[in-house]
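One structure below.
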Amino acid sequence: MKRIACMTLMVLALAGATQAADRTVDQNRPLAADGRVEISNISGDVKVIGWTGDGVNISGRLEDGVSDLEISSRGNRLQIEVDLERRTRNNGSAYLIIKMPVTADLEVETVSANISVDGVTGEISLESVSGRVEVSGQSDSLEAASVSGDVRVTSIAGRSDLESVSGNIIVQHATGRLDAEVVSGNIEIEGGLLSSLTAESVSGSVFCAAQPTESGRFSLDTLSGTVELVVTSDINADFTIETYSGSIRNEIGPEPTRTDKYSPGKELKFTSGAGGARISIESFSGSVKLRVD
Amino acid sequence: MTRFDCKLTTSRLDELIDGTLEESEATTAIAHLETCAGCLAEYEAAQSLLSATRSLRTSIEPDHDLWPGIKARVEDRRVVPGDFNHRPAPATRRLWMAAAAAAILVISVSVAYMAGLERAQTQTASTAPVETNAILAAYGGPAMDLELARNQLRLNLEHRRDELSPETWSVVMENTAVIDDAIARIEHALADNPNDGRLNRQLAVAYRRQIDLLQRATGLPAEA
C-alpha cells in the first residue's frame with residue numbers, strides 16, 4: 001500500500017514537472033501587408049489566421065524538449081523556427097498560433113505537426129510529412145502537400161495544387177483551378193465550380209461532385225482506383241471516358257463500346273446538352289461511374 | 001513569378017510544345033517563360049528531348065546540356081534539412097545527393113516519358129503498327145537503364161533510412177510498391193497489346209508518378 005502511494009506521488013510529481021516545463025509565447029513582430037511569413041516546426045500544431053491587425057502575433061505553448069523559438073526578420077520576411085534540444089531529438093512539441101496580415105504570403109514546413117490556415121489570401125505553400133494540412137479561405141495560389149497526412153481544403157479560390165502520398169485529399173466548395181494528386185490516398189471533391197481540374201491517383205479512388213465552368217476542363221485519371229463523377233442533369237459538356245480493363249457505368253448518356261475486339265478496353269465519347277466543358281476520365285483497371293446528382 | 005507558376009508551366013510543357021495547350025494557357029505559359037530562366041531552360045531541354053525522341057531508333061543519349069534545367073528544378077524542390085535546427089552542412093550534402101540521384105532518374109525517365117507520350121500520340125494519330133512497347137522501344141536499353149536509375153535513387157533513400165521515421169519509411173516503401181505493381185500490370189497488358197497507345201501513356205504516367213514519389217521522399221526532412 002505504502003509502495004503504491006509512493007509511486008502515485010512520483011507520477012504526480014513527474015506530471016507536475018512536465019506541466020511546469022511548458023512555456024508560453026506571446027510576441028509581436030512588424031510585417032508589411034505584402035510581406036512573407038515562413039514557419040518551421042517538427043511536432044505539435046501550427047495554426048495560422050489572417051487578420052487585419054498590425055504585423056504578426058505569435059502565441060502558443062512550447063513543451064519541454066523545445067530549446068527555443070527563433071524569430072528573425074530579413075527584409076520583408078519573418079521567419080519563425082522551432083528549435084529542439086539535441087538530447088530530446090524531435091520529442092518536443094510546439095503548439096503555435098500565428099496571426100498575420102491577410103494579404104501576406106505564407107510558407108509552413110512541418111514533420112508531424114498539423115497545419116491549419118484560415119483567411120490568408122496571399123500565396124500559400126504548406127508541407128508536412130505526417131501531419132494533417134487544412135486550409136480555408138480565398139488564397140490566390142495554394143500549394144499543400146503531405147506524405148501520409150490528409151490534406152483538407154474548404155472554400156478556396158484561385159489556383160490550388162494539392163498532393164499526398166497515402167493521405168486523403170478532401171476539397172469542399174472550391175472555385176478556380178485545382179490539381180490534386182495521390183498515390184494510395186483518396187481524392188474527394190465536394191461542390192464547387194472549377195475552370196480546371198486535374199485529379200490523379202494510382203490506387204486510390206477519385207470522387208468528384210464539383211461542376212465545370214462553361215469552358216472548363218476536367219481530367220480525372222487513375223490506374224487501379226475507382227473514379228466517380230457526379231454531374232447535374234443539365235450539364236453542357238463533352239465527355240471522353242476510357243478504361244483498359246475496368247468497367248464504365250453511365251447514368252447520363254450512352255453505353256460504352258469496346259475499343260477493339262482483341263482487347264478488353266472500353267471507351268465512351270458523347271456530348272451532353274450543348275457541350276462546351278471538356279471532361280476526360282481515364283483508368284487502367286479501375287471502374288468509372290458517371291452519375292447524375 | 002512564383003514557384004506555383006513554375007510548376008504550372010513545367011507540368012504543361014509537353015502540351016505547350018505539342019501546340020495542344022489552350023490559347024489562353026499557352027499565352028500565360030509563354031509569358032512566364034519570358035521571365036523565368038529556370039522554366040525557359042526546362043522548356044528548351046524538353047524541346048531537345050522531343051527532337052531526340054523523334055529520331056530515336058535503338059538507343060538514346062540524353063543531352064548533357066539538359067543538366068542546368070534539371071538541376072535548377074531539383075534544387076527548386078527545396079530539400080528540407082533534417083530537423084530544422086541543423087541546416088547548413090547536412091542540408092548541402094543531402095541536396096547534392098538528392099540532386100545527383102534525382103537528376104539521373106529524371107533524365108532517364110524524362111526520356112522514357114517524353115518518348116512514351118510521343119509514341120502514344122503518334123499511335124493515336126496514325127494507324128501504322130508499332131513494332132513493340134513504345135516506351136521500351138524508344139528507350140533503347142530501357143529496362144536496364146531504368147532499373148539502374150531507380151536502384152540508385154532507392155540506394156540514396158536507403159542512406160536516409162535512419163533519418164526518416166519507420167512510419168514514413170513504410171509509407172514510402174508501400175506506395176513505391178503500389179506503383180511497381182501498377183507498372184507490372186500495365187507492362188503485362190502491353191505484352192498482349194503492344195500497340196495500345198493508351199497503355200503506353202499510362203505506363204509513362206506510372207513512371208512519372210514513381211519519379212515524383214522517389215524525388216519527394218529523397219527530399220523529406222529528417223525525423224529521427
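Chain identifiers are assigned as A, B, and so on, following the order in which chains appear in the C-alpha cells; residues are numbered from 1 within each chain, and ligands are numbered from 1 in order of appearance.
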Find the nearest atom pair between each residue of chain A and chain B for residues within 8 Å, count only C-alpha atoms, give distances in Å to one decimal, sort rows by chain and ascending number, and present the table as JSON lines.
```
{"residue": "A:Ser40", "atom": "CA", "partner": "B:Phe84", "partner_atom": "CA", "distance": 7.0}
{"residue": "A:Asn41", "atom": "CA", "partner": "B:Phe84", "partner_atom": "CA", "distance": 7.5}
{"residue": "A:Ile42", "atom": "CA", "partner": "B:Asp83", "partner_atom": "CA", "distance": 7.2}
{"residue": "A:Glu81", "atom": "CA", "partner": "B:Phe84", "partner_atom": "CA", "distance": 7.5}
{"residue": "A:Val82", "atom": "CA", "partner": "B:Phe84", "partner_atom": "CA", "distance": 7.5}
{"residue": "A:Asp83", "atom": "CA", "partner": "B:Asn85", "partner_atom": "CA", "distance": 5.4}
{"residue": "A:Leu84", "atom": "CA", "partner": "B:Asn85", "partner_atom": "CA", "distance": 6.9}
{"residue": "A:Arg89", "atom": "CA", "partner": "B:Ala224", "partner_atom": "CA", "distance": 6.9}
{"residue": "A:Asn90", "atom": "CA", "partner": "B:Ala224", "partner_atom": "CA", "distance": 6.8}
{"residue": "A:Val111", "atom": "CA", "partner": "B:Glu223", "partner_atom": "CA", "distance": 6.7}
{"residue": "A:Val129", "atom": "CA", "partner": "B:Leu220", "partner_atom": "CA", "distance": 7.3}
{"residue": "A:Ser130", "atom": "CA", "partner": "B:Thr168", "partner_atom": "CA", "distance": 7.4}
{"residue": "A:Ser141", "atom": "CA", "partner": "B:Phe4", "partner_atom": "CA", "distance": 7.2}
{"residue": "A:Leu142", "atom": "CA", "partner": "B:Phe4", "partner_atom": "CA", "distance": 8.0}
{"residue": "A:Glu143", "atom": "CA", "partner": "B:Phe4", "partner_atom": "CA", "distance": 7.3}
{"residue": "A:Val147", "atom": "CA", "partner": "B:Thr168", "partner_atom": "CA", "distance": 7.6}
{"residue": "A:Ser148", "atom": "CA", "partner": "B:Val171", "partner_atom": "CA", "distance": 7.0}
{"residue": "A:Val165", "atom": "CA", "partner": "B:Asn175", "partner_atom": "CA", "distance": 7.2}
{"residue": "A:Ser166", "atom": "CA", "partner": "B:Val171", "partner_atom": "CA", "distance": 6.9}
{"residue": "A:Val183", "atom": "CA", "partner": "B:Asn175", "partner_atom": "CA", "distance": 6.6}
{"residue": "A:Ser184", "atom": "CA", "partner": "B:Asn175", "partner_atom": "CA", "distance": 6.6}
{"residue": "A:Val202", "atom": "CA", "partner": "B:Ile179", "partner_atom": "CA", "distance": 6.8}
{"residue": "A:Ser203", "atom": "CA", "partner": "B:Val178", "partner_atom": "CA", "distance": 7.2}
{"residue": "A:Leu223", "atom": "CA", "partner": "B:Ala182", "partner_atom": "CA", "distance": 6.9}
{"residue": "A:Ser224", "atom": "CA", "partner": "B:Ala182", "partner_atom": "CA", "distance": 7.4}
{"residue": "A:Tyr244", "atom": "CA", "partner": "B:Leu199", "partner_atom": "CA", "distance": 7.6}
{"residue": "A:Ser263", "atom": "CA", "partner": "B:Asn193", "partner_atom": "CA", "distance": 7.2}
{"residue": "A:Phe284", "atom": "CA", "partner": "B:Gln202", "partner_atom": "CA", "distance": 7.3}
```
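CA of Thr222 (chain A) is positioned 22.5 Å from CA of Ser170 (chain B).
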For Asn114 (chain A), which residue out of A:Ile156, A:Val230, A:Val66, A:Val46 is the nearest one, using only C-alpha atoms?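 Among A:Ile156, A:Val230, A:Val66, A:Val46, it is A:Val46 that comes nearest to Asn114 (chain A).
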Would you list the contacts of Ile115 (chain A) as a list in words, taking every protein, DNA or RNA residue within 10 Å and counting only C-alpha atoms, but skipping same-chain residues closer than 3 positions in sequence?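 The residues that qualify are Asn41, Gly44, Asp45, Val46, Lys47, Val48, Leu96, Val108, Glu109, Thr110, Ser112, Leu126, Glu127, Ser128, Gly131, Arg132, Val133, Glu134, Val135, Ala144 and Val151 of chain A.
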Could you write out that same residue set with N, CA and C atoms as a CSV table (one decimal), in the first residue's frame?
```
chain,number,residue,atom,x,y,z
A,41,ASN,N,8.3,23.8,-38.0
A,41,ASN,CA,8.0,23.2,-36.7
A,41,ASN,C,8.1,21.7,-36.9
A,44,GLY,N,3.6,19.0,-33.1
A,44,GLY,CA,2.7,19.9,-32.4
A,44,GLY,C,1.6,20.4,-33.4
A,45,ASP,N,1.5,21.7,-33.4
A,45,ASP,CA,0.5,22.3,-34.3
A,45,ASP,C,1.0,23.7,-34.8
A,46,VAL,N,0.6,24.0,-36.0
A,46,VAL,CA,0.8,25.4,-36.5
A,46,VAL,C,-0.5,25.9,-37.0
A,47,LYS,N,-1.1,26.8,-36.3
A,47,LYS,CA,-2.4,27.4,-36.7
A,47,LYS,C,-2.1,28.8,-37.2
A,48,VAL,N,-2.5,29.1,-38.4
A,48,VAL,CA,-2.3,30.5,-38.9
A,48,VAL,C,-3.6,31.1,-39.3
A,96,LEU,N,1.7,26.4,-31.9
A,96,LEU,CA,1.8,27.8,-32.3
A,96,LEU,C,0.5,28.3,-32.9
A,108,VAL,N,4.8,27.1,-44.7
A,108,VAL,CA,4.9,26.4,-43.5
A,108,VAL,C,5.5,25.0,-43.8
A,109,GLU,N,6.5,24.5,-43.0
A,109,GLU,CA,7.0,23.2,-43.2
A,109,GLU,C,7.0,22.5,-41.8
A,110,THR,N,6.5,21.3,-41.8
A,110,THR,CA,6.5,20.5,-40.5
A,110,THR,C,6.8,19.1,-40.8
A,112,SER,N,5.7,16.2,-38.1
A,112,SER,CA,4.4,15.5,-37.7
A,112,SER,C,3.4,16.6,-37.3
A,126,LEU,N,2.4,24.9,-48.1
A,126,LEU,CA,2.4,24.2,-46.9
A,126,LEU,C,2.9,22.8,-47.2
A,127,GLU,N,3.7,22.3,-46.3
A,127,GLU,CA,4.3,20.9,-46.5
A,127,GLU,C,4.5,20.2,-45.2
A,128,SER,N,4.0,19.0,-45.1
A,128,SER,CA,4.1,18.2,-43.8
A,128,SER,C,4.5,16.8,-44.2
A,131,GLY,N,1.8,15.2,-40.8
A,131,GLY,CA,0.8,16.0,-40.2
A,131,GLY,C,-0.4,16.2,-41.2
A,132,ARG,N,-1.5,16.6,-40.6
A,132,ARG,CA,-2.7,17.0,-41.3
A,132,ARG,C,-2.5,18.4,-41.8
A,133,VAL,N,-3.0,18.7,-43.0
A,133,VAL,CA,-2.9,20.1,-43.6
A,133,VAL,C,-4.3,20.5,-43.9
A,134,GLU,N,-4.7,21.6,-43.3
A,134,GLU,CA,-6.1,22.1,-43.5
A,134,GLU,C,-6.0,23.6,-43.9
A,135,VAL,N,-6.8,24.0,-44.9
A,135,VAL,CA,-6.8,25.4,-45.4
A,135,VAL,C,-8.2,25.8,-45.7
A,144,ALA,N,-0.2,22.6,-51.2
A,144,ALA,CA,-0.3,21.9,-49.9
A,144,ALA,C,0.1,20.5,-50.2
A,151,VAL,N,-5.0,16.1,-46.6
A,151,VAL,CA,-5.0,17.5,-47.0
A,151,VAL,C,-6.4,17.9,-47.2
```
Calculate how many Å separate CA of Asn186 (chain A) from CA of Glu163 (chain B), rounding to one decimal. 27.4 Å
Grab the CA of Glu190 (chain A) to CA of Thr121 (chain A) distance for me, in Å with one decimal place.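 Taking CA of Glu190 (chain A) as the start and CA of Thr121 (chain A) as the end point, the length is 21.5 Å.
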Would you mind telling me which residue in A:Gly158, A:Gly149, A:Pro30, A:Pro212 lies nearest to Gly185 (chain A) when using only C-alpha atoms? A:Gly149
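Candidate residues A:Ile252, A:Ala174, A:Ile235, A:Val117 were compared for distance to Gly191 (chain A), and the nearest is A:Ala174, using only C-alpha atoms.
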Exercise: Glu107 (chain A) partners within 7 Å, only C-alpha atoms, chain neighbours under 2 positions left out, as a compact mmCIF listing (two decimals) with N, CA and C atoms, in the first residue's frame:
```txt
# COMPACT_ATOMS: atom_id res chain seq x y z
N VAL A 37 5.66 35.24 -44.40
CA VAL A 37 5.93 34.56 -43.13
C VAL A 37 6.36 33.13 -43.43
N GLU A 38 7.49 32.72 -42.82
CA GLU A 38 7.98 31.34 -43.02
C GLU A 38 8.07 30.66 -41.67
N ILE A 39 7.43 29.53 -41.55
CA ILE A 39 7.36 28.85 -40.25
C ILE A 39 7.85 27.42 -40.41
N GLU A 109 6.48 24.54 -43.00
CA GLU A 109 7.03 23.19 -43.17
C GLU A 109 7.01 22.50 -41.82
N ILE A 124 0.27 30.74 -50.68
CA ILE A 124 0.46 29.83 -49.54
C ILE A 124 1.17 28.55 -49.99
N SER A 125 2.19 28.16 -49.23
CA SER A 125 2.87 26.89 -49.51
C SER A 125 2.99 26.12 -48.19
N LEU A 126 2.42 24.93 -48.13
CA LEU A 126 2.38 24.16 -46.89
C LEU A 126 2.89 22.76 -47.16
```
Mind listing the strand (DSSP E) residues of region 102-266 of chain A, per DSSP on the backbone, as an MDAnalysis selection string? chainID A and resid 105:110 114:118 123:128 133:136 141:146 151:154 159:164 169:181 187:201 206:208 211:222 227:231 237:243 248:250 257:258 266
List the spatial neighbours of Leu229 (chain A) as a ChimeraX atom specification - criterion: any atom at most 9 Å away, only C-alpha atoms, same-chain residues fewer than 2 positions off excluded. /A:206-210,220,227,231,288-292
Create the file for the chosen residues now, containing C-alpha atoms and written as a PDB file, in the first residue's frame.
```
ATOM      1  CA  VAL A 206     -11.328   9.706 -57.057  1.00  0.00           C
ATOM      2  CA  PHE A 207     -14.744  11.164 -56.248  1.00  0.00           C
ATOM      3  CA  CYS A 208     -15.787  14.456 -57.776  1.00  0.00           C
ATOM      4  CA  ALA A 209     -19.050  16.307 -57.289  1.00  0.00           C
ATOM      5  CA  ALA A 210     -17.765  19.707 -58.427  1.00  0.00           C
ATOM      6  CA  LEU A 220      -9.643  12.514 -63.818  1.00  0.00           C
ATOM      7  CA  VAL A 227     -13.488   7.183 -60.379  1.00  0.00           C
ATOM      8  CA  VAL A 231     -22.826  15.969 -62.530  1.00  0.00           C
ATOM      9  CA  VAL A 288     -15.604   4.546 -63.742  1.00  0.00           C
ATOM     10  CA  LYS A 289     -19.026   5.748 -62.735  1.00  0.00           C
ATOM     11  CA  LEU A 290     -20.763   8.800 -64.114  1.00  0.00           C
ATOM     12  CA  ARG A 291     -23.923   9.696 -62.269  1.00  0.00           C
ATOM     13  CA  VAL A 292     -26.486  12.450 -62.028  1.00  0.00           C
TER      14      VAL A 292
END
```
